[in-house]
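Engineer: Handing you a structure now.
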2 protein chains.
Amino acid sequence: MKKENKNLKAMRHSAEHVLTQAMIKLYPGLKMAMGPATEDGFYFDFDYSRPINEKDFKKIEKEMRRIINKDLPFKKQVVEVSEARKLFKGNPYKQEWLDEIEQRKEKAVIYRTGDEFTDLCGGPHVKSTGKIGGFKLLSVAGAYWHGDEKNKMLTRIYGTAFETKKELDEYIKMQKEAKKRDHRKLGKELDLFVFAEEVGPGLPLLTEKGATIRRKLERFVIDEEIKRGYKHVYTPDLAKVKLYEISGHYPYYKDTMYPVMKVDDDELILRPMACPHHFMLFKSKPRSYKELPLKIAEVAKLYRYEKSGELTGLMRVRSFCLADSHIFCREGQAASVIKEVIDLINFVAKTLKLKKGKDYWFRLSLGDPKNKEKYYDDPKNWKQGEKILKNVLEKMKVPYVVAKDEAVFYGPKIDVQMKNVAGKEDTAFTVQYDFYMPVRFKLQYINEKGEKEQPIVVHRSSIGSLERTMAFLIEHYAGNFPLWLAPEQIWVIPVGVKHKKYAKSIAKELAENDFRYQLKDENESVSKKIRNGEMQKIPYLLVVGDEELKSKSVRIRNKGKDLGKIKLIEFIKKAKIEIEKYK
Amino acid sequence: MKKENKNLKAMRHSAEHVLTQAMIKLYPGLKMAMGPATEDGFYFDFDYSRPINEKDFKKIEKEMRRIINKDLPFKKQVVEVSEARKLFKGNPYKQEWLDEIEQRKEKAVIYRTGDEFTDLCGGPHVKSTGKIGGFKLLSVAGAYWHGDEKNKMLTRIYGTAFETKKELDEYIKMQKEAKKRDHRKLGKELDLFVFAEEVGPGLPLLTEKGATIRRKLERFVIDEEIKRGYKHVYTPDLAKVKLYEISGHYPYYKDTMYPVMKVDDDELILRPMACPHHFMLFKSKPRSYKELPLKIAEVAKLYRYEKSGELTGLMRVRSFCLADSHIFCREGQAASVIKEVIDLINFVAKTLKLKKGKDYWFRLSLGDPKNKEKYYDDPKNWKQGEKILKNVLEKMKVPYVVAKDEAVFYGPKIDVQMKNVAGKEDTAFTVQYDFYMPVRFKLQYINEKGEKEQPIVVHRSSIGSLERTMAFLIEHYAGNFPLWLAPEQIWVIPVGVKHKKYAKSIAKELAENDFRYQLKDENESVSKKIRNGEMQKIPYLLVVGDEELKSKSVRIRNKGKDLGKIKLIEFIKKAKIEIEKYK
């Protein structure tokens, strides 16, 4: 979906040189350290005696604009290291780079911006500063030299550049929107989850409201899967280390697994994935071909010890619940099994109001027959698996991209890719074709002739990790959850004291109809209650005064709009239909 | 509920002596080791060169009967250790006991049975062998000397004795019933759960059928609690060790906690209880008196490393889900909070078809003001807490027993006691009054005057551990689950090939009405299908032949009985009502 734009990257790198040049001019004594182009823009690290902050951006951008307007040409030059050392005399950061270049016995590459500025840099750059389109400085942060906290803390300025001003404006707008929708920010504002220092990083505590969303998602996916013939089970969140040695996960995933717990004669470990547990269930009794495809499913709690720097709200945590399943089938059944899985994924996505092609798309992730370190060595089965996955996608006419060298060690897969509001792409769910685990676990069933045969396993998730999906949905909806997922669906707001009794009777009616509501009858102004309700993104605010009391009706406010008066009984009917029809 | 019967114990101990005497006579060369009276009977450990099994019981019981009929008197005698050594010459087990008596500088107590038998024993015994009522040998097992596997394996014979033959017969009948209902046996027969060596002991894997019961129980309790104002949350199953040091659980519960996981700079541990997590949620924002009582609830996964010898099916496991809650309230609210909890417990029990007084009863568990090691030292608050609990029970006119020295370290509690089919009593749920944790965690709310105040915490469970409750219910129902809990509710059985289409249309109707059913249209005889269905304890078998096809009806079989023909539509209506009205 995303193609690398080489010109854009060169332009951003050039903008970074312009920034550096501007900084050196504006802040005498500043030492430049390094600065690359990134996926979204560029940054520049420097060493300066005084703090520089976002208030200085206007001045810096003005100087950058001046340099751009001069349309100075970028010129590449290859020089001896000794000559480069002279050019960057007094700059320990550049001298350190030069040490490395010297060790590699290479020459130094420098880029000149007209006659005004020179940096040690491999390029590429655009032709001249005038070719830099729209640019903008974004933020300032601290950054250790080489990312190592034992080194000196430098200052980092982030910026971005686009070919046109219009593209830049769109990007800035998207970033602003993303900031507003950031699930960590909304999680706090809407009181969905918290962290506690005493519990630990990456281990969120879901409040009542967050837990409601979580529970609704879980029940939705379990009920839907059961309807589609999945057999939902519960298996323990830990096992003997041995189990993960059998599966081969232990060497592969050891870095992100929690440490082994030795107790008595046992060595136990928290599970990073549930497949081995499901294999144990498969093996717990003799299986017949008549039972296949056998779809064992679980909303399984998994444990992965992510690095603290990678933890992000609910998006990346150290313990999460995956809507997981392992489908045991014959090779000849694999195509139809995978088709059914993709149907389910499309159904789930539709229910969550995600648009295929826009909010999510498919990626076919292949192995690499040459890489026998990374992938199980069985060319015939790899080829067969990749063919089956490809055929399903093509028969279903599902648009997809191909990614080489992105498979799992035991087989190829189809990834469901999503892009968050900030434009970042991530794998949300996967469908994996596995011919290797059945070998390792000696999985077998009896065929029509009474002989033992090995099944194929399709590993799949339908709604991904509940935590990550919640994070994604909070941002996708900007906190405006559809009625069936909204933690609080309705607030009842009486206009005056004399309407409290009626409001209470409405609340009773709502309770009897299983709505999640609040009766806001505290002594506060109606306008304040409405404002709060809108800030809390409550789907329906029911305001009741004289008129409503008289006609047994309610006045509905939804997302800041007055939707008018409606009979209470009608409102309940409509709201119930709204909840039901989400499917 | 259970009072110790001293005479019964003396009689059982005497029966054990009679057994020993009989064994020595019947098996020359046998060395007696030891044999006490137990809660349910007695056992006797001995060392013999050849295996003895249950087939020998008839012969042994005959010899025991002969000794009893002779009505030999039991006579106590205190002798010097040296004299006793002569009496038990050549018996290393008795000599070892005598070593210990010698070390304590005591004399040896022996009991003589007439002139026929002598054992080293503290008594007491009944007057003579004729006072032994009904007795019976039950089973044989291996047992290590002193329970230590480094020692020699001895043979152990279990038996029991009662004052009357009638009581013995009742006990035998109950044991037989208990054996039939044993949840480990039924768990296998009905395919509810399995264990896997590679996963580990005490870590059950619930199959589709067991998982259905688990899920139904969980949803039932969560939905009911939410209706009653509980705020259901999700919190992580682990935390920094520090959290359990703050709570004080770490020193108290260390023995049954899993080992600490050290990773990076963190020390993490699987939680043995959820209260500290809920306290963190309470503390995550300022709290007002207006929010109290605040009921935070969770079906919380907990980890306790039970000794392998204590693990029993689902009854005692190493990881379980507790329907837990912590209610934060003012002292003045505690009584009504506890009353509400007891109401909920009664409601849950009623739904599960448990009879108050028979299947479960209340126990008031008090602390001991003198034991400052075991209980937090705050006499005033202990007194107050105990008074509140007692008052609630009395006001509610709930019969209860009092148990001294059975409280938790942080406060007194009400236990809900249950007796399983084998007659064993166990604590199923508890309601704890806690004035101590709020001190340790510095829990506070703002009162009407804007001042900080400390809440009381009521810890409670409504349905206990889902695993243990499942084990209890499997035995209680003998596998005949009520319709709402039954993993498979209905089997549709066509009589012949020409009824398959109709059976299929019934299955479709059942699916649309959310029943859990199976269409049994494989090529097997109807009688075999019915037999299987009854063995699998399926609540409703719907048999359909010509007559049923013609009249759009079904013939219902339930627990081996033919309930006659009924219109399909009527059956569906009735079954739905049966599911609904369980509440």
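Residue numbering restarts at 1 for every chain of the structure tokens, chains are lettered A, B, ... in their displayed order, and ligands are numbered from 1 as they appear.
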Once chain B is fitted onto chain A over all Cα atoms in order, please give the RMSD.
Structural biologist: 0.3 Å
Engineer: Determine, for each residue of chain A having at least one atom at most 7 Å from an atom of chain B, the closest pair of atoms and their separation in Å to one decimal, counting only C-alpha atoms; order by chain and ascending number, as JSON lines.
Structural biologist:
```
{"residue": "A:Ala196", "atom": "CA", "partner": "B:Met280", "partner_atom": "CA", "distance": 6.6}
{"residue": "A:Glu198", "atom": "CA", "partner": "B:Leu243", "partner_atom": "CA", "distance": 5.5}
{"residue": "A:Val199", "atom": "CA", "partner": "B:Ala239", "partner_atom": "CA", "distance": 4.3}
{"residue": "A:Gly200", "atom": "CA", "partner": "B:Lys240", "partner_atom": "CA", "distance": 6.1}
{"residue": "A:Leu203", "atom": "CA", "partner": "B:Pro236", "partner_atom": "CA", "distance": 6.0}
{"residue": "A:Pro204", "atom": "CA", "partner": "B:Pro236", "partner_atom": "CA", "distance": 6.9}
{"residue": "A:Leu205", "atom": "CA", "partner": "B:Thr235", "partner_atom": "CA", "distance": 4.5}
{"residue": "A:Leu206", "atom": "CA", "partner": "B:Tyr234", "partner_atom": "CA", "distance": 5.1}
{"residue": "A:Thr207", "atom": "CA", "partner": "B:Val233", "partner_atom": "CA", "distance": 5.3}
{"residue": "A:Glu208", "atom": "CA", "partner": "B:Val233", "partner_atom": "CA", "distance": 5.0}
{"residue": "A:Ala211", "atom": "CA", "partner": "B:Val233", "partner_atom": "CA", "distance": 5.0}
{"residue": "A:Lys231", "atom": "CA", "partner": "B:Glu208", "partner_atom": "CA", "distance": 5.3}
{"residue": "A:His232", "atom": "CA", "partner": "B:Glu208", "partner_atom": "CA", "distance": 5.4}
{"residue": "A:Val233", "atom": "CA", "partner": "B:Glu208", "partner_atom": "CA", "distance": 5.0}
{"residue": "A:Tyr234", "atom": "CA", "partner": "B:Leu206", "partner_atom": "CA", "distance": 5.1}
{"residue": "A:Thr235", "atom": "CA", "partner": "B:Leu205", "partner_atom": "CA", "distance": 4.5}
{"residue": "A:Pro236", "atom": "CA", "partner": "B:Leu203", "partner_atom": "CA", "distance": 6.1}
{"residue": "A:Ala239", "atom": "CA", "partner": "B:Val199", "partner_atom": "CA", "distance": 4.3}
{"residue": "A:Lys240", "atom": "CA", "partner": "B:Val199", "partner_atom": "CA", "distance": 5.3}
{"residue": "A:Lys242", "atom": "CA", "partner": "B:Glu198", "partner_atom": "CA", "distance": 6.6}
{"residue": "A:Leu243", "atom": "CA", "partner": "B:Glu198", "partner_atom": "CA", "distance": 5.5}
{"residue": "A:Pro259", "atom": "CA", "partner": "B:Met261", "partner_atom": "CA", "distance": 5.8}
{"residue": "A:Met261", "atom": "CA", "partner": "B:Pro259", "partner_atom": "CA", "distance": 5.8}
{"residue": "A:Lys262", "atom": "CA", "partner": "B:Pro259", "partner_atom": "CA", "distance": 6.9}
{"residue": "A:Val263", "atom": "CA", "partner": "B:Pro259", "partner_atom": "CA", "distance": 6.9}
{"residue": "A:Met280", "atom": "CA", "partner": "B:Ala196", "partner_atom": "CA", "distance": 6.6}
```
Engineer: Near stretch 440-442 of chain B, within 8 Å and counting only C-alpha atoms, which residues show up once chain neighbours fewer than 4 positions away are dropped, as number ranges by chain?
Structural biologist: B: 246-247, 279, 436, 454
Engineer: Write out as a compact mmCIF listing (two decimals) with N, CA and C atoms, in the first residue's frame which residues come within 12 Å of A:Asp521 when counting only C-alpha atoms, dropping same-chain ones fewer than 2 positions away.
Structural biologist:
```txt
# COMPACT_ATOMS: atom_id res chain seq x y z
N TRP A 491 -27.43 9.28 29.19
CA TRP A 491 -27.58 10.05 30.42
C TRP A 491 -29.00 10.62 30.43
N VAL A 492 -29.65 10.55 31.57
CA VAL A 492 -30.97 11.16 31.72
C VAL A 492 -30.80 12.44 32.52
N ILE A 493 -31.20 13.56 31.93
CA ILE A 493 -30.97 14.87 32.55
C ILE A 493 -32.29 15.60 32.79
N PRO A 494 -32.76 15.67 34.04
CA PRO A 494 -33.97 16.43 34.31
C PRO A 494 -33.65 17.94 34.30
N VAL A 495 -34.58 18.72 33.71
CA VAL A 495 -34.34 20.17 33.61
C VAL A 495 -34.42 20.82 34.99
N GLY A 496 -35.45 20.49 35.75
CA GLY A 496 -35.61 21.11 37.07
C GLY A 496 -35.94 20.06 38.13
N VAL A 497 -36.10 20.54 39.36
CA VAL A 497 -36.38 19.64 40.49
C VAL A 497 -37.67 18.84 40.23
N LYS A 498 -38.66 19.52 39.67
CA LYS A 498 -39.95 18.86 39.46
C LYS A 498 -39.93 17.78 38.37
N HIS A 499 -38.81 17.70 37.66
CA HIS A 499 -38.72 16.65 36.62
C HIS A 499 -37.90 15.44 37.07
N LYS A 500 -37.41 15.53 38.31
CA LYS A 500 -36.55 14.45 38.81
C LYS A 500 -37.28 13.12 38.88
N LYS A 501 -38.53 13.18 39.33
CA LYS A 501 -39.29 11.94 39.49
C LYS A 501 -39.49 11.25 38.13
N TYR A 502 -39.81 12.07 37.14
CA TYR A 502 -39.99 11.51 35.79
C TYR A 502 -38.68 10.93 35.27
N ALA A 503 -37.59 11.68 35.52
CA ALA A 503 -36.27 11.21 35.08
C ALA A 503 -35.96 9.86 35.72
N LYS A 504 -36.34 9.75 36.99
CA LYS A 504 -36.08 8.50 37.70
C LYS A 504 -36.87 7.34 37.08
N ALA A 507 -35.11 6.25 34.07
CA ALA A 507 -33.93 5.45 34.43
C ALA A 507 -34.34 4.00 34.71
N GLN A 518 -26.87 6.67 33.05
CA GLN A 518 -26.71 7.36 34.32
C GLN A 518 -27.83 8.37 34.48
N LEU A 519 -28.33 8.45 35.71
CA LEU A 519 -29.34 9.46 36.02
C LEU A 519 -28.58 10.66 36.58
N ASN A 523 -27.34 18.46 41.76
CA ASN A 523 -27.64 19.88 41.62
C ASN A 523 -26.58 20.62 40.82
N GLU A 524 -26.76 20.60 39.55
CA GLU A 524 -25.83 21.26 38.62
C GLU A 524 -26.68 21.80 37.49
N SER A 525 -26.19 22.79 36.77
CA SER A 525 -27.02 23.34 35.69
C SER A 525 -27.15 22.33 34.56
N VAL A 526 -28.28 22.39 33.86
CA VAL A 526 -28.53 21.49 32.74
C VAL A 526 -27.43 21.65 31.68
N LYS A 529 -24.36 19.84 32.62
CA LYS A 529 -24.52 18.39 32.44
C LYS A 529 -24.41 17.99 30.98
N VAL A 543 -32.85 14.82 27.68
CA VAL A 543 -33.19 15.96 28.53
C VAL A 543 -34.70 15.98 28.71
N VAL A 544 -35.16 16.08 29.96
CA VAL A 544 -36.61 16.07 30.19
C VAL A 544 -37.06 17.24 31.05
```
Engineer: Write out as a ChimeraX atom specification the residues lying within 7 Å of stretch 356-372 of chain A, counting only C-alpha atoms and excluding same-chain residues fewer than 6 positions away.
Structural biologist: /A:379,386,399-407,412-419
